[in-house]
Every structure is written in C-alpha cells, then in structure tokens.
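Structure data follow from entry.cif (mmCIF, C-alpha atoms and all ligand atoms):
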data_data
#
loop_
_atom_site.label_atom_id
_atom_site.label_comp_id
_atom_site.auth_asym_id
_atom_site.auth_seq_id
_atom_site.Cartn_x
_atom_site.Cartn_y
_atom_site.Cartn_z
CA MET A 10 88.82 63.00 110.82
CA ASP A 11 87.04 62.96 114.13
CA ASN A 12 84.86 65.44 115.86
CA LYS A 13 87.51 66.19 118.47
CA GLN A 14 89.91 67.44 115.82
CA ILE A 15 87.18 69.63 114.36
CA GLN A 16 86.58 71.09 117.81
CA ASN A 17 90.33 71.69 118.21
CA PHE A 18 90.40 73.42 114.85
CA LEU A 19 87.44 75.68 115.70
CA ARG A 20 89.01 76.52 119.07
CA GLU A 21 92.27 77.35 117.32
CA ILE A 22 90.42 79.90 115.16
CA ASP A 23 88.69 81.43 118.19
CA GLN A 24 92.03 81.73 119.94
CA SER A 25 93.50 83.50 116.88
CA ARG A 26 91.12 86.44 117.31
CA ASP A 27 93.75 88.97 118.42
CA ASP A 28 96.16 87.77 115.75
CA LEU A 29 93.40 88.11 113.13
CA ILE A 30 92.69 91.68 114.25
CA ASP A 31 96.41 92.60 114.18
CA LEU A 32 96.85 91.02 110.77
CA THR A 33 93.84 92.84 109.27
CA GLN A 34 94.95 96.16 110.75
CA ALA A 35 98.49 95.72 109.46
CA LEU A 36 97.19 95.02 105.93
CA ILE A 37 94.93 98.09 106.00
CA LYS A 38 97.85 100.28 107.11
CA ILE A 39 99.71 99.54 103.86
CA PRO A 40 97.94 102.01 101.51
CA THR A 41 97.87 99.96 98.31
CA LEU A 42 95.91 102.52 96.31
CA ASN A 43 95.05 101.67 92.74
CA PRO A 44 95.33 103.61 90.55
CA PRO A 45 98.26 104.18 90.46
CA GLY A 46 99.21 100.92 92.23
CA GLU A 47 101.18 101.97 95.29
CA HIS A 48 103.01 99.82 97.86
CA TYR A 49 102.43 96.54 96.04
CA ARG A 50 105.96 95.38 96.86
CA ASP A 51 105.49 96.40 100.52
CA ILE A 52 102.34 94.32 100.97
CA CYS A 53 103.98 91.35 99.22
CA GLU A 54 106.98 91.64 101.57
CA PHE A 55 104.62 91.72 104.55
CA LEU A 56 102.72 88.64 103.35
CA ASN A 57 106.02 86.94 102.57
CA ARG A 58 107.25 87.32 106.17
CA ARG A 59 103.95 86.14 107.60
CA LEU A 60 103.50 83.10 105.39
CA ARG A 61 107.13 81.94 105.47
CA ASN A 62 106.83 81.95 109.25
CA SER A 63 103.86 79.61 108.88
CA GLY A 64 105.82 77.18 106.71
CA PHE A 65 104.78 78.37 103.24
CA GLU A 66 107.17 78.61 100.32
CA THR A 67 106.78 81.90 98.52
CA GLU A 68 107.41 83.42 95.15
CA PHE A 69 107.32 87.08 94.10
CA ILE A 70 105.90 87.59 90.63
CA ARG A 71 106.10 90.91 88.82
CA ALA A 72 103.66 91.35 85.94
CA SER A 73 106.30 92.87 83.69
CA GLY A 74 104.83 94.64 80.71
CA ALA A 75 101.24 94.46 82.00
CA PRO A 76 99.13 97.64 81.69
CA GLY A 77 100.22 100.02 84.47
CA ASP A 78 103.51 98.21 85.19
CA SER A 79 106.44 100.63 85.37
CA ASP A 80 109.60 101.04 87.41
CA LYS A 81 107.77 103.62 89.49
CA TYR A 82 104.67 101.44 89.95
CA PRO A 83 105.71 97.81 89.49
CA ARG A 84 102.88 95.27 89.54
CA TRP A 85 104.05 92.86 92.26
CA ASN A 86 102.16 89.71 93.22
CA ILE A 87 102.95 87.01 95.74
CA LEU A 88 102.17 83.32 95.65
CA ALA A 89 102.62 81.19 98.76
CA ARG A 90 102.35 77.41 98.79
CA HIS A 91 102.22 74.86 101.60
CA SER A 92 102.20 71.13 101.04
CA GLY A 93 100.89 68.55 103.50
CA GLY A 94 103.51 66.07 102.35
CA ASN A 95 101.20 63.75 100.39
CA SER A 96 100.35 64.58 96.80
CA GLY A 97 96.74 65.52 96.16
CA ASP A 98 94.50 68.44 95.24
CA CYS A 99 95.57 72.03 95.69
CA VAL A 100 93.15 74.59 97.15
CA HIS A 101 94.04 78.17 96.22
CA PHE A 102 92.84 81.29 98.08
CA ASN A 103 93.21 84.34 95.86
CA SER A 104 92.87 87.86 97.25
CA HIS A 105 93.59 91.14 95.55
CA THR A 106 95.76 93.48 97.59
CA ASP A 107 94.81 96.75 95.88
CA VAL A 108 92.19 99.19 97.15
CA VAL A 109 90.24 101.95 95.43
CA GLU A 110 90.66 105.67 96.07
CA VAL A 111 89.53 106.99 99.44
CA GLY A 112 86.90 109.54 98.34
CA ASN A 113 85.06 111.91 100.69
CA GLY A 114 82.90 111.31 103.73
CA TRP A 115 85.21 109.44 106.09
CA THR A 116 84.88 109.91 109.86
CA VAL A 117 87.91 107.69 110.66
CA ASP A 118 91.44 107.49 109.27
CA PRO A 119 91.05 105.45 106.04
CA PHE A 120 94.43 103.79 106.62
CA GLY A 121 94.28 103.63 110.43
CA GLY A 122 92.68 100.20 110.78
CA GLU A 123 90.77 101.38 113.85
CA LEU A 124 88.87 98.75 115.85
CA ILE A 125 85.55 100.13 117.07
CA ASP A 126 82.83 97.90 118.61
CA GLY A 127 84.06 94.74 116.95
CA ARG A 128 84.53 96.30 113.53
CA ILE A 129 87.80 97.16 111.82
CA PHE A 130 87.56 100.31 109.71
CA GLY A 131 89.60 101.40 106.74
CA ARG A 132 89.84 101.47 102.96
CA GLY A 133 90.08 97.86 101.84
CA SER A 134 88.90 96.41 105.18
CA CYS A 135 85.82 94.88 103.55
CA ASP A 136 87.15 94.75 99.96
CA MET A 137 89.16 92.68 100.63
CA LYS A 138 91.91 92.68 103.21
CA GLY A 139 89.52 91.21 105.81
CA GLY A 140 88.93 88.26 103.47
CA LEU A 141 92.66 87.85 102.88
CA ALA A 142 93.37 87.87 106.63
CA ALA A 143 90.56 85.35 107.30
CA SER A 144 91.93 82.97 104.65
CA ILE A 145 95.43 83.16 106.17
CA ILE A 146 94.12 82.43 109.68
CA ALA A 147 92.00 79.55 108.28
CA ALA A 148 94.94 77.99 106.45
CA GLU A 149 97.31 78.36 109.42
CA ALA A 150 94.82 76.80 111.86
CA PHE A 151 94.11 73.98 109.40
CA ILE A 152 97.83 73.22 109.02
CA LYS A 153 98.33 73.29 112.79
CA THR A 154 95.43 70.88 113.36
CA TRP A 155 96.16 68.49 110.48
CA PRO A 156 99.88 68.83 109.66
CA ARG A 157 99.90 65.62 107.61
CA TYR A 158 97.06 66.50 105.26
CA THR A 159 96.98 65.36 101.64
CA GLY A 160 97.45 67.98 98.95
CA ALA A 161 98.50 71.60 99.09
CA ILE A 162 97.22 75.04 100.04
CA GLU A 163 98.10 78.17 98.09
CA ILE A 164 97.48 81.78 99.08
CA SER A 165 98.05 84.55 96.58
CA GLY A 166 98.01 88.32 97.02
CA THR A 167 97.53 89.87 93.61
CA ALA A 168 97.58 93.34 92.10
CA ASP A 169 95.17 95.44 90.09
CA GLU A 170 91.83 93.66 90.55
CA GLU A 171 90.16 97.06 90.84
CA SER A 172 91.53 98.06 87.42
CA GLY A 173 90.79 94.84 85.55
CA GLY A 174 93.30 92.39 87.04
CA PHE A 175 95.71 92.44 84.10
CA GLY A 176 98.76 93.06 86.31
CA GLY A 177 97.57 90.41 88.76
CA VAL A 178 95.47 87.30 88.23
CA ALA A 179 95.33 87.63 84.42
CA TYR A 180 99.12 87.75 84.24
CA MET A 181 99.51 84.81 86.61
CA ALA A 182 96.91 82.80 84.69
CA GLU A 183 98.81 83.47 81.46
CA GLN A 184 101.96 82.17 83.14
CA GLY A 185 100.13 78.94 84.02
CA TYR A 186 99.69 79.47 87.76
CA PHE A 187 95.95 78.71 87.56
CA SER A 188 96.01 75.80 85.15
CA PRO A 189 93.88 72.82 86.24
CA ASP A 190 96.91 70.56 86.59
CA LYS A 191 98.35 72.92 89.23
CA VAL A 192 95.27 74.15 91.06
CA GLN A 193 92.04 72.18 91.50
CA HIS A 194 89.91 74.47 93.69
CA VAL A 195 89.86 78.27 93.94
CA ILE A 196 88.20 80.41 96.60
CA ILE A 197 88.29 84.19 96.16
CA PRO A 198 87.50 85.85 99.53
CA GLU A 199 85.74 88.88 98.01
CA PRO A 200 83.11 90.53 100.23
CA LEU A 201 79.91 88.71 99.30
CA ASN A 202 78.60 88.23 102.89
CA LYS A 203 79.59 85.27 105.06
CA ASP A 204 76.50 83.14 104.37
CA ARG A 205 76.64 83.32 100.55
CA VAL A 206 78.51 81.37 97.91
CA CYS A 207 79.11 83.53 94.84
CA LEU A 208 79.12 81.41 91.69
CA GLY A 209 80.10 84.01 89.11
CA HIS A 210 79.12 87.30 87.52
CA ARG A 211 77.22 88.97 84.68
CA GLY A 212 78.95 89.83 81.42
CA VAL A 213 80.43 93.22 80.56
CA TRP A 214 80.73 95.23 77.38
CA TRP A 215 82.31 98.67 77.46
CA ALA A 216 82.30 100.69 74.30
CA GLN A 217 82.99 104.22 73.13
CA LEU A 218 80.41 105.81 70.96
CA GLU A 219 81.32 108.97 69.08
CA THR A 220 79.15 111.33 67.09
CA HIS A 221 80.83 113.48 64.49
CA GLY A 222 80.10 117.08 63.49
CA ARG A 223 81.86 119.98 61.81
CA ILE A 224 83.73 122.79 63.52
CA ALA A 225 82.62 126.41 62.83
CA HIS A 226 82.44 129.78 64.61
CA GLY A 227 80.11 129.61 67.61
CA SER A 228 78.30 132.77 66.50
CA MET A 229 77.25 131.03 63.29
CA PRO A 230 76.42 127.50 64.37
CA PHE A 231 74.39 127.00 61.18
CA LEU A 232 77.72 126.90 59.31
CA GLY A 233 78.88 123.92 61.35
CA ASP A 234 77.32 120.72 62.64
CA CYS A 235 77.02 120.21 66.38
CA ALA A 236 78.21 116.78 67.52
CA VAL A 237 76.69 117.31 70.99
CA ARG A 238 73.19 117.75 69.52
CA HIS A 239 73.66 114.51 67.61
CA MET A 240 74.61 112.83 70.89
CA GLY A 241 71.48 114.32 72.46
CA ALA A 242 69.44 112.51 69.82
CA VAL A 243 71.21 109.26 70.77
CA VAL A 244 70.34 109.73 74.45
CA THR A 245 66.72 110.50 73.56
CA GLU A 246 66.50 107.30 71.50
CA MET A 247 68.07 105.32 74.37
CA GLU A 248 65.44 106.65 76.78
CA LYS A 249 62.66 105.84 74.32
CA SER A 250 63.60 102.35 73.20
CA LEU A 251 66.76 100.89 74.76
CA PHE A 252 66.26 101.39 78.51
CA PRO A 253 62.67 100.04 78.48
CA ALA A 254 63.84 97.03 76.43
CA LEU A 255 66.67 96.27 78.87
CA GLN A 256 64.28 96.33 81.81
CA LEU A 257 62.31 93.50 80.25
CA LYS A 258 65.32 91.18 80.00
CA ARG A 259 65.42 89.10 83.15
CA THR A 260 67.85 86.37 84.09
CA ASP A 261 67.56 83.06 85.89
CA MET A 262 71.03 83.70 87.36
CA PRO A 263 70.73 84.41 91.12
CA VAL A 264 72.18 87.92 90.74
CA VAL A 265 72.19 90.21 93.77
CA PRO A 266 70.96 92.82 94.39
CA GLU A 267 67.51 92.34 92.86
CA GLY A 268 67.88 95.34 90.51
CA ALA A 269 70.80 93.62 88.77
CA LYS A 270 68.66 90.60 87.75
CA GLN A 271 68.01 92.48 84.51
CA SER A 272 70.24 93.79 81.75
CA THR A 273 71.65 97.20 82.59
CA LEU A 274 73.42 100.01 80.80
CA ASN A 275 75.26 102.85 82.46
CA ILE A 276 76.19 105.97 80.53
CA ASN A 277 79.60 106.30 82.13
CA SER A 278 80.48 109.68 80.63
CA ILE A 279 79.80 112.13 77.83
CA HIS A 280 82.40 114.58 76.63
CA GLY A 281 81.64 117.01 73.82
CA GLY A 282 83.50 119.98 72.48
CA GLN A 283 86.65 121.60 73.75
CA ASP A 284 88.26 120.20 76.86
CA GLN A 285 90.42 123.16 77.86
CA LEU A 286 89.40 123.23 81.51
CA SER A 287 90.92 119.82 82.17
CA VAL A 288 94.41 121.01 81.22
CA GLY A 289 94.36 123.74 83.83
CA TYR A 290 93.26 126.64 81.62
CA THR A 291 91.12 129.10 83.57
CA GLY A 292 90.10 131.61 80.89
CA LEU A 293 86.97 131.67 78.76
CA PRO A 294 86.48 129.03 76.07
CA ALA A 295 86.85 129.87 72.39
CA PRO A 296 83.52 130.07 70.51
CA VAL A 297 83.36 126.96 68.35
CA VAL A 298 80.84 124.38 67.28
CA PRO A 299 81.93 120.97 68.66
CA ASP A 300 82.89 118.50 65.97
CA SER A 301 83.11 115.50 68.28
CA CYS A 302 81.15 114.08 71.20
CA LYS A 303 82.11 110.87 72.95
CA MET A 304 80.08 108.64 75.22
CA ILE A 305 81.35 105.67 77.18
CA ILE A 306 78.74 102.97 77.77
CA ASP A 307 78.96 100.19 80.34
CA ARG A 308 76.56 97.42 79.43
CA ARG A 309 76.13 94.46 81.79
CA PHE A 310 74.59 91.43 80.16
CA LEU A 311 73.09 88.14 81.23
CA MET A 312 73.87 84.46 80.72
CA GLU A 313 70.79 84.32 78.48
CA GLU A 314 72.14 87.03 76.13
CA ASP A 315 74.67 86.74 73.36
CA LEU A 316 77.38 89.40 73.20
CA SER A 317 76.94 89.84 69.44
CA ASP A 318 73.22 90.57 70.00
CA VAL A 319 74.11 93.02 72.77
CA LYS A 320 76.36 94.93 70.36
CA ALA A 321 73.83 94.74 67.52
CA GLU A 322 71.19 96.29 69.76
CA VAL A 323 73.27 99.46 70.16
CA ARG A 324 74.29 99.53 66.50
CA ASN A 325 70.62 99.21 65.46
CA LEU A 326 69.73 102.07 67.75
CA LEU A 327 72.36 104.26 66.08
CA GLU A 328 71.07 103.26 62.65
CA THR A 329 67.56 104.25 63.76
CA VAL A 330 68.80 107.71 64.73
CA LYS A 331 70.66 107.95 61.44
CA SER A 332 67.52 107.09 59.46
CA HIS A 333 65.65 110.16 60.70
CA ARG A 334 68.51 112.62 61.29
CA SER A 335 70.39 114.18 58.41
CA ASP A 336 74.19 114.44 58.63
CA PHE A 337 74.27 111.97 61.50
CA SER A 338 77.45 109.93 61.55
CA TYR A 339 78.95 107.90 64.33
CA SER A 340 81.64 105.43 65.25
CA LEU A 341 81.40 102.66 67.80
CA THR A 342 84.57 101.20 69.31
CA ASP A 343 84.84 98.19 71.61
CA MET A 344 86.87 98.84 74.77
CA PHE A 345 86.48 95.80 77.00
CA GLU A 346 84.38 92.68 77.19
CA VAL A 347 83.90 89.81 79.61
CA GLN A 348 81.57 86.86 79.17
CA PRO A 349 79.18 86.03 82.03
CA ILE A 350 80.26 83.02 84.08
CA MET A 351 78.55 80.83 86.61
CA THR A 352 80.15 77.86 88.35
CA SER A 353 77.82 74.93 88.98
CA LYS A 354 76.36 74.56 92.48
CA GLU A 355 77.55 70.96 92.24
CA ALA A 356 81.19 71.97 91.70
CA PRO A 357 83.30 70.50 94.53
CA VAL A 358 84.43 73.87 95.88
CA ALA A 359 80.88 75.27 95.90
CA MET A 360 79.56 72.19 97.71
CA ALA A 361 82.37 72.17 100.29
CA VAL A 362 81.86 75.84 101.19
CA SER A 363 78.07 75.60 101.30
CA GLN A 364 78.23 72.58 103.62
CA ALA A 365 80.67 74.44 105.87
CA ILE A 366 78.34 77.47 105.95
CA GLU A 367 75.52 75.23 107.14
CA GLN A 368 77.75 73.63 109.80
CA ILE A 369 79.00 76.93 111.23
CA LEU A 370 76.02 79.26 110.75
CA GLY A 371 73.28 76.66 111.16
CA LYS A 372 71.42 77.67 108.01
CA PRO A 373 71.64 76.77 104.34
CA ALA A 374 73.97 78.81 102.15
CA ASP A 375 72.57 81.28 99.67
CA TYR A 376 73.91 81.06 96.13
CA VAL A 377 74.46 84.38 94.41
CA VAL A 378 75.92 85.88 91.27
CA SER A 379 77.76 89.20 91.44
CA PRO A 380 76.43 92.19 89.48
CA GLY A 381 80.01 93.17 88.52
CA THR A 382 83.01 91.12 87.54
CA TYR A 383 86.05 90.22 89.59
CA ASP A 384 89.16 88.10 89.04
CA GLN A 385 87.19 84.87 88.57
CA LYS A 386 86.92 85.87 84.89
CA HIS A 387 90.67 85.40 84.35
CA ILE A 388 90.81 82.14 86.29
CA ASP A 389 87.92 80.86 84.15
CA ARG A 390 88.92 82.20 80.75
CA ILE A 391 92.72 82.21 80.78
CA GLY A 392 93.33 79.61 83.48
CA ARG A 393 90.50 77.34 82.23
CA MET A 394 89.72 76.57 85.88
CA LYS A 395 85.97 76.14 86.33
CA ASN A 396 85.96 75.00 89.94
CA CYS A 397 86.10 78.52 91.36
CA ILE A 398 83.85 80.60 93.61
CA ALA A 399 83.98 83.80 95.62
CA TYR A 400 83.41 83.51 99.34
CA GLY A 401 84.40 86.04 101.98
CA PRO A 402 83.36 87.84 105.17
CA GLY A 403 82.77 91.47 104.12
CA ILE A 404 79.37 93.04 103.45
CA LEU A 405 79.06 93.64 99.70
CA ASP A 406 77.29 97.00 99.99
CA LEU A 407 80.17 98.51 102.02
CA ALA A 408 82.79 97.94 99.31
CA HIS A 409 84.28 101.20 97.97
CA GLN A 410 82.20 103.28 100.45
CA PRO A 411 83.47 105.79 103.03
CA ASP A 412 83.85 104.27 106.53
CA GLU A 413 84.17 100.81 105.00
CA TYR A 414 84.58 98.17 107.72
CA VAL A 415 84.73 94.44 108.33
CA SER A 416 83.26 92.74 111.38
CA VAL A 417 85.68 90.62 113.45
CA ASP A 418 82.94 88.07 114.21
CA ASP A 419 82.23 87.70 110.49
CA MET A 420 85.93 87.14 109.79
CA ILE A 421 86.08 84.49 112.54
CA ASP A 422 83.01 82.69 111.14
CA SER A 423 84.28 82.82 107.58
CA ALA A 424 87.74 81.59 108.63
CA LYS A 425 86.03 78.59 110.26
CA ILE A 426 84.03 78.01 107.08
CA MET A 427 87.11 78.26 104.84
CA GLY A 428 88.97 75.84 107.11
CA LEU A 429 86.11 73.30 107.17
CA ALA A 430 85.95 73.56 103.38
CA LEU A 431 89.64 72.59 103.34
CA THR A 432 88.84 69.46 105.33
CA GLN A 433 86.28 68.52 102.65
CA LEU A 434 88.52 69.27 99.70
CA LEU A 435 91.80 67.87 101.01
CA GLY A 436 92.47 64.50 102.55
CA VAL A 437 92.96 64.79 106.29
CA ALA A 438 95.13 62.13 107.91
CA LYS A 439 93.85 60.51 111.10
CA THR A 440 96.04 61.13 114.12
CA ASP A 441 94.72 58.19 116.13
ZN ZN B 501 87.38 93.33 95.63
#

Do you think you could lay out the structure here as structure tokens?
Ligand SMILES: [Zn+2]
Amino acid sequence: MDNKQIQNFLREIDQSRDDLIDLTQALIKIPTLNPPGEHYRDICEFLNRRLRNSGFETEFIRASGAPGDSDKYPRWNILARHSGGNSGDCVHFNSHTDVVEVGNGWTVDPFGGELIDGRIFGRGSCDMKGGLAASIIAAEAFIKTWPRYTGAIEISGTADEESGGFGGVAYMAEQGYFSPDKVQHVIIPEPLNKDRVCLGHRGVWWAQLETHGRIAHGSMPFLGDCAVRHMGAVVTEMEKSLFPALQLKRTDMPVVPEGAKQSTLNINSIHGGQDQLSVGYTGLPAPVVPDSCKMIIDRRFLMEEDLSDVKAEVRNLLETVKSHRSDFSYSLTDMFEVQPIMTSKEAPVAMAVSQAIEQILGKPADYVVSPGTYDQKHIDRIGRMKNCIAYGPGILDLAHQPDEYVSVDDMIDSAKIMGLALTQLLGVAKTD
C-alpha cells in the first residue's frame, strides 16, 4: 500500500460529499420509529438497493418470534457482504436502523433531513443513521481504491437496538452471524464523537420492587395497610444509605461523562394504588387504600462490582426497612441484566481505529466507555466476539434530543477513519 493510494482513497471520500449527504437524508426520511418498529422492511429495501449496486451480496433476515415481532411490525434486518476475492479477515460494520420517539421541542421537521450550515437534522441523524451512511461511504471508497483486497467487508442494518436489540443483533448473534469464525472485527458506528474509541459499557440491572398492603375503605385507612407508605419508607432508606454508598463507588473504566464514573441508580417509575386514569376513565377515583405499589429501578454497575453483590445491596436495604417497620412485606423481581464489558485497547480493531484517528485528526484517540449499553453486549455475550468497539461521527449528547443533527464534516472525517482502519485490518494488494 503506497501513499498515493491513500491519497486517492481520501480524495474519493471528499468527492463523495454530496452522495453522503443524499444518503444520510434518505435514511432519515424513512421514519423507523421504535416502538413500535415501523418501516423496518422499507429501510432494508433501501439499503439493499444501495449496497447491491456497490457489489455487495445481501440477505434479509427477519427475527421471527423475537419480542415485538408480528405480522404488523416484522423485525427485519439486512446483512450485506462484499469479498475482495482472497480469503482473510472479515470486518463488520453494524448499525441499528431504528430511532426513538420524536418528543417535543423540535424547530425542524424530524423526518425532513434538512441540511443547515453543514449539519443534517432529523430524528436518528446522530443516533445513528449518520454513522451508518459514513460506514457505507467508507466501504465503497475502500473497495473502489483497493478492489483486490484480502478478506471481506460486511455492513448490517439491524432492528430494535433502542428496545434491547432482541429483534436485531441478539437474534443474528443467536443465528451465528457474529461468531468468531465468520466475523473477526466489529465496528459499531454509534455516536460517540469522531475522536473517541468506545471500548464497552457499564453493566445494567433492572428490577421491579413491589410493596404489599391491604385494601380497605379510604375513609378508614386504619383498617387497611397502605402500600404507598411502605414504598415511601423504601425511598427514605435509599436516600439515607443507598445513594450515598453508590456515590463512593468509583471505576477505573474510562466512562463518559464524568458523572457516570460511579455506580448509579435511577428510580424509573413508581405506581401505587388504582390506575383508572390510564384506561381513559375521567371520573373521580374510588376511595380505597392501595394494596400494591411498584417501583422500577435501573441500576448501572461497574466492572469492579459483582452483579450478585449489586442485588444483595438492594435486598439488604429492604430487609433493613422490614426490621423497623411492622407489616412490611415486599417482592423483588429481576427484569433485565447485562454484564459490563470492555474490549482491550490492544484489540486489533481498537488499535486500527485509534491509529486512523491520529492520522486523520492529528491527535491521539480518546478511549471511552459508554454509560449505557448498546448492541455490543449481544456481540460479546451471544456472538462471543471480543474484538468489537463502537466508533462513529455523531455527538453523544445529541442522541435522543430534539433538533438532533450530525455534522457533514464529522461524517467525512469518520468515513476516512473507518476506511483507513480497513486498510490496517484487511490485506491490501499492491497495484504496482
Ligand atoms: Zn444508537
């Protein structure tokens, strides 16, 4: 590989600018909202046309039977593969195609893909259709510059990342698409900023905690037992002992932002008593003492913590409340758990991307760990593929926000970086 070819490759990316803008806008205009999971087939068809034109072979994969999959909302995924003609490693770019709800506060059309001052606006622009578009441009320019490369490039567009990834990457990993004999390097172009290599994420434990009471007439609460008051005692104990304890647990993982370098717990919701309003009833409630109160907790834990200790901490807290509160009874139910993961900085894919960042941006890459999880968990746990990172052009803080955007310059830079990483990871045949 000589310098002239590298220059040709970088020029090719620069010349793809208009194409990159069109591609990103077209992706944003397909409103792949999740939930419920709309237009998944449409975006797969679009990617199919694009990538077949560029010489990829494609496969549509429906996650039949996955949570959320139905005839009305089928969970469609697409996998595209291009081979350089000589057997070797496969580099896989995985992007989720779904976007979260729009929410309030937009000043532009969320599905318009408007280009304003070098930024493309729209739901999913940053998270993560801009990253998907950049990876396609990178792969196409790489193939054009080095048609006889060694190995293969895969690009997948997958469903449901925003709702856990079970109809997308998890399903594909279960079917063997991410096994180490098929794929050797994975880059997930999530929006982590163009100068950062994201090595992994903290762990997650979601649980439902319920306090029990006894129903009675609301005019004689002393004849019942109020489950909401019991839950109040739980919150008080959390404020007193649990939150201060979590603040003291710090990690050596390079988690961003700074506030997420400690253990955290979010009280996601509390529901106590009758829930008549949610079913459209507009009258007054009936006077009763609530016999149930439910809290959902979202605990994010660190590499240094053990999940069984994390659970014991909450159970001990509940036992403490029970020891000084008569008639206190509770149940604690696991909902979801993910172990923390962190790819080594020395992993080939991490090294290739960080070197490319330095080449293109002229400064060393930052290594980060994401506060929340993303599809890397399935590639790691189900696929058993450890050589995986997230790297993409969007600005992390803009994800899921109103007026979300992605900068065209950032997409160009990250496409160059992804392409240079390909030259490191795949054998590039000399043309002279
Ligand atoms: Zn995302």

Within 10 Å of Val117 in chain A using all atoms listed in the file, minus same-chain residues under 3 positions, as a PyMOL selection string = chain A and resi 114+120-123+130-131+411-413

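Within the 10 Å cut-off around Gly112 in chain A, using only C-alpha atoms and omitting residues fewer than 2 positions from it on the same chain, the listed residues are Val109, Glu110, Gly114, Trp115, Pro119, Arg132, His409, Gln410 and Pro411 of chain A.
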
Per-residue nearest contacts range 255-304 of chain A to range 204-216 of chain A, cut-off 9 Å, using only C-alpha atoms, as CSV:
residue,atom,partner,partner_atom,distance
A:Met262,CA,A:Arg211,CA,8.6
A:Pro263,CA,A:Leu208,CA,8.9
A:Val264,CA,A:His210,CA,7.7
A:Ala269,CA,A:Arg211,CA,8.9
A:Ser272,CA,A:Arg211,CA,9.0
A:Met304,CA,A:Ala216,CA,8.3

Contacts between ligand ZN 501 (chain B) and chain A, please, where a residue of chain A counts if it comes within 12 Å (with all atoms listed in the file); show its shortest atom pair and distance in Å to one decimal, rows by chain and ascending number, as CSV.
residue,atom,partner,partner_atom,distance
A:Asn43,CA,B:ZN501,ZN,11.7
A:Asn103,CA,B:ZN501,ZN,10.7
A:Ser104,CA,B:ZN501,ZN,7.9
A:His105,CA,B:ZN501,ZN,6.6
A:Thr106,CA,B:ZN501,ZN,8.6
A:Asp107,CA,B:ZN501,ZN,8.2
A:Val108,CA,B:ZN501,ZN,7.7
A:Val109,CA,B:ZN501,ZN,9.1
A:Arg132,CA,B:ZN501,ZN,11.2
A:Gly133,CA,B:ZN501,ZN,8.1
A:Ser134,CA,B:ZN501,ZN,10.1
A:Cys135,CA,B:ZN501,ZN,8.2
A:Asp136,CA,B:ZN501,ZN,4.6
A:Met137,CA,B:ZN501,ZN,5.3
A:Lys138,CA,B:ZN501,ZN,8.9
A:Gly139,CA,B:ZN501,ZN,10.6
A:Gly140,CA,B:ZN501,ZN,9.5
A:Leu141,CA,B:ZN501,ZN,10.5
A:Gly166,CA,B:ZN501,ZN,11.8
A:Thr167,CA,B:ZN501,ZN,10.9
A:Ala168,CA,B:ZN501,ZN,10.8
A:Asp169,CA,B:ZN501,ZN,9.8
A:Glu170,CA,B:ZN501,ZN,6.8
A:Glu171,CA,B:ZN501,ZN,6.7
A:Ser172,CA,B:ZN501,ZN,10.3
A:Gly173,CA,B:ZN501,ZN,10.7
A:Gly174,CA,B:ZN501,ZN,10.5
A:Ile197,CA,B:ZN501,ZN,9.2
A:Pro198,CA,B:ZN501,ZN,8.4
A:Glu199,CA,B:ZN501,ZN,5.3
A:Pro200,CA,B:ZN501,ZN,6.9
A:Leu201,CA,B:ZN501,ZN,9.5
A:Ser379,CA,B:ZN501,ZN,11.3
A:Gly381,CA,B:ZN501,ZN,10.2
A:Thr382,CA,B:ZN501,ZN,9.5
A:Tyr383,CA,B:ZN501,ZN,6.9
A:Asp384,CA,B:ZN501,ZN,8.6
A:Gln385,CA,B:ZN501,ZN,11.0
A:Ala399,CA,B:ZN501,ZN,10.1
A:Tyr400,CA,B:ZN501,ZN,11.2
A:Gly401,CA,B:ZN501,ZN,10.1
A:Pro402,CA,B:ZN501,ZN,11.7
A:Gly403,CA,B:ZN501,ZN,9.8
A:Ile404,CA,B:ZN501,ZN,11.2
A:Leu405,CA,B:ZN501,ZN,9.3
A:Asp406,CA,B:ZN501,ZN,11.6
A:Leu407,CA,B:ZN501,ZN,10.9
A:Ala408,CA,B:ZN501,ZN,7.5
A:His409,CA,B:ZN501,ZN,8.8

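Each of A:Asp78, A:Ile129, A:Phe65, A:Asn202 was compared to Leu36 in chain A using all atoms listed in the file, and A:Ile129 turns out to be the nearest.
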
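Shortest separation to His226 in chain A among A:Val297, A:Val265, A:Met344, A:Val417 occurs at residue A:Val297, atoms counted being only C-alpha atoms.
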
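Here CA of Lys153 in chain A stands at a distance of 14.3 Å from CA of Arg61 in chain A.
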
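Comparing the minimum interatomic distances between Ser188 in chain A and each of A:Cys99, A:Ala148, A:Phe69, A:Val358, counting all atoms listed in the file, we find that A:Cys99 sits nearest.
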
Coordinates-based distance that separates CA of Ala225 in chain A from CA of Ser301 in chain A (Å, one decimal) = 12.2 Å

For a cut-off of 12 Å around (69.4, 100.4, 71.0), file coordinates, pick out all residues using only C-alpha atoms and list them as a ChimeraX atom specification.
-> /A:243-255,274,306,308,318-330

So that all listed atoms of range 79-90 of chain A fit with 5 Å spare on each side, what axis-aligned box centre and edge lengths in Å, to one decimal, would you give as JSON?
{"center_x": 105.9, "center_y": 90.5, "center_z": 92.1, "size_x": 17.4, "size_y": 36.2, "size_z": 23.4}

Could you please fill out range 369-380 of chain A with N, CA and C atoms and send it back as a compact mmCIF listing (two decimals), keeping the file's coordinate frame?
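File out-v8.txt, as written:
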# COMPACT_ATOMS: atom_id res chain seq x y z
N ILE A 369 78.58 75.86 110.32
CA ILE A 369 79.00 76.93 111.23
C ILE A 369 77.85 77.89 111.54
N LEU A 370 77.05 78.24 110.54
CA LEU A 370 76.02 79.26 110.75
C LEU A 370 74.65 78.64 111.03
N GLY A 371 74.53 77.33 110.83
CA GLY A 371 73.28 76.66 111.16
C GLY A 371 72.14 77.00 110.22
N LYS A 372 72.47 77.43 109.01
CA LYS A 372 71.42 77.67 108.01
C LYS A 372 71.99 77.42 106.63
N PRO A 373 71.12 77.08 105.67
CA PRO A 373 71.64 76.77 104.34
C PRO A 373 72.28 77.99 103.68
N ALA A 374 73.29 77.73 102.86
CA ALA A 374 73.97 78.81 102.15
C ALA A 374 73.06 79.38 101.08
N ASP A 375 73.20 80.66 100.83
CA ASP A 375 72.57 81.28 99.67
C ASP A 375 73.56 81.23 98.51
N TYR A 376 73.05 81.01 97.31
CA TYR A 376 73.91 81.06 96.13
C TYR A 376 73.63 82.36 95.41
N VAL A 377 74.66 83.09 95.09
CA VAL A 377 74.46 84.38 94.41
C VAL A 377 75.40 84.51 93.22
N VAL A 378 75.06 85.49 92.38
CA VAL A 378 75.92 85.88 91.27
C VAL A 378 76.16 87.37 91.42
N SER A 379 77.40 87.79 91.22
CA SER A 379 77.76 89.20 91.44
C SER A 379 77.30 90.08 90.27
N PRO A 380 76.83 91.29 90.57
CA PRO A 380 76.43 92.19 89.48
C PRO A 380 77.63 92.61 88.62
